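To start, the structure itself, in structure tokens.
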Amino acid sequence: MIDISKLKTFVAVADLGSFSKASEILYITQPAVTQQIKALERIIGAKLFQRQGGRIVLTDEGKRIYEIAKSLLSNYENLMEEMAKIKKDFKDTLLLGISTTLSEYKVPELLVEFHQQLPNISIRVLVDNSQHIEEALSSGVLNIGVIEREPSERFSSIKWFMDEVVFFTYPSHPFAKRGEIEPEELYGVDLIFREVSSGTRKVVKEELERLGIIFERLNIRIEINCGRSILSMVKKGYGCSFLSKGIVEKAIEEGSVVPVKIKGFNAIRWYYIIYPEHEKLTFLASRFMKFLLSKASSELVAG
């Protein structure tokens with residue numbers, strides 16, 4: 001007997017070309033992924049994957065099964081949707097991707113509230129930068145994503161709410177007492193930045209370059225894919241950084257960090273709800289999107 005979970009695992013490995021990446025997305029161990037694929041191969045009586053240039057690819061038999069599996073999973077989602085319209089206690093899983101910044105404020109609270117509305121569902125969340133969320137959506141292993149930059153054209157998207165990126169440092173830093181600095185003064189300080197593929201870094205880089213700053217000349221001493229870690233380092237008296245206002249707002253109120261204006265700098269960006277173009281949203285993804293849109297921007301940004 002072939003169950004839905006084995007088919008989902010098979011399709012995830014095929015889409016991602018990796019057993020390890022599939023295990024991360026599906027929240028199961030890599031040995032469990034391997035075991036499910038081997039069990040499926042025993043049932044079918046053929047190898048489904050082979051290695052090619054360091055990547056896992058489908059065999060000819062695997063390609064035939066893949067097309068059928070995708071169709072079956074689509075029909076399964078349709079079945080879940082119809083059941084949801086009839087039953088109030090249906091069980092299903094929302095596969096959600098959230099960009100790193102959004103995972104660090106407000107969204108966790110909203111996930112709890114959403115789950116309270118549908119207590120029998122499961123929610124699996126992939127927290128990563130915007131680029132990786134897009135890749136996971138394209139591969140078909142996520143239902144919906146919320147990212148911190150304008151998405152590529154292959155996605156349908158809806159603007160969710162507006163955010164501001166602020167420059168800040170620790171209270172005893174020379175900039176802290178200045179109130180406002182010239183853009184060129186950034187060349188003389190140690191900076192902590194989010195990683196290269198981060199949406200926050202992208203919007204800051206574009207805004208600084210608009211002001212004539214050569215980004216590659218900045219003294220970026222530490223790069224890390226966690227806003228809370230950056231905030232912690234600055235609070236301990238190291239360097240300066242740029243983060244979403246929502247992440248640093250409480251620390252600013254407490255006085256543990258100080259916002260510093262950069263003359264002419266105005267890094268405003270939208271957060272987007274995205275899903276693959278030309279694909280129907282699952283019932284849960286559609287309901288979650290409506291839930292997010294029901295939340296006023298002022299409530300989300302207000303803290």
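The way I read the labels, and the way they are meant: chains A, B, ... in the order of the structure tokens, residue 1 as the first residue of every chain, and ligand 1 as the first ligand shown, with later ones counted on from there.
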Report the residues of segment 91-188 of chain A whose backbone DSSP state falls under helix (DSSP H, G or I), written as an MDAnalysis selection string. chainID A and resid 100:103 107:117 130:138 174:177 183:188
DSSP strand (DSSP E) residues within segment 19-254 of chain A, as a PyMOL selection string: chain A and resi 49-52+55-58+93-99+122-128+144-147+155-169+180-181+190-193+219-223+240-244
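What separates atom CA of Ser156 of chain A from atom CA of Glu113 of chain A is a distance of 25.1 Å.
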Would you kindly return, as a PDB file with N, CA, C and O atoms, in the first residue's frame, each protein, DNA or RNA residue with an atom no farther than 7 Å from any atom of Glu164 of chain A, considering only C-alpha atoms and excluding same-chain residues fewer than 2 positions away?
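Final output, saved to result-v8.pdb:
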```
ATOM      1  N   VAL A 166      16.186  50.324  10.023  1.00  0.00           N
ATOM      2  CA  VAL A 166      16.853  51.410  10.743  1.00  0.00           C
ATOM      3  C   VAL A 166      18.323  51.071  10.992  1.00  0.00           C
ATOM      4  O   VAL A 166      18.703  49.908  11.117  1.00  0.00           O
ATOM      5  N   SER A 244      15.317  45.528  10.726  1.00  0.00           N
ATOM      6  CA  SER A 244      13.924  45.939  10.716  1.00  0.00           C
ATOM      7  C   SER A 244      13.574  46.657  12.017  1.00  0.00           C
ATOM      8  O   SER A 244      13.980  46.244  13.106  1.00  0.00           O
ATOM      9  N   LYS A 245      12.811  47.711  11.905  1.00  0.00           N
ATOM     10  CA  LYS A 245      12.391  48.484  13.079  1.00  0.00           C
ATOM     11  C   LYS A 245      11.667  47.598  14.087  1.00  0.00           C
ATOM     12  O   LYS A 245      11.805  47.780  15.301  1.00  0.00           O
ATOM     13  N   ALA A 267      15.143  53.583   3.998  1.00  0.00           N
ATOM     14  CA  ALA A 267      14.982  52.192   3.552  1.00  0.00           C
ATOM     15  C   ALA A 267      13.614  51.652   3.961  1.00  0.00           C
ATOM     16  O   ALA A 267      13.419  51.138   5.063  1.00  0.00           O
ATOM     17  N   ILE A 268      12.671  51.812   3.072  1.00  0.00           N
ATOM     18  CA  ILE A 268      11.314  51.310   3.283  1.00  0.00           C
ATOM     19  C   ILE A 268      11.090  50.142   2.342  1.00  0.00           C
ATOM     20  O   ILE A 268      11.456  50.186   1.169  1.00  0.00           O
ATOM     21  N   ARG A 269      10.485  49.078   2.854  1.00  0.00           N
ATOM     22  CA  ARG A 269      10.194  47.926   1.978  1.00  0.00           C
ATOM     23  C   ARG A 269       8.887  47.275   2.399  1.00  0.00           C
ATOM     24  O   ARG A 269       8.426  47.412   3.537  1.00  0.00           O
TER      25      ARG A 269
END
```
What's the 10 Å shell around segment 123-131 of chain A, counting only C-alpha atoms, without same-chain residues fewer than 5 positions away, as an MDAnalysis selection string? chainID A and resid 24:27 92:104 111:112 114:115 136 142 145:152 194:200 225:226 284
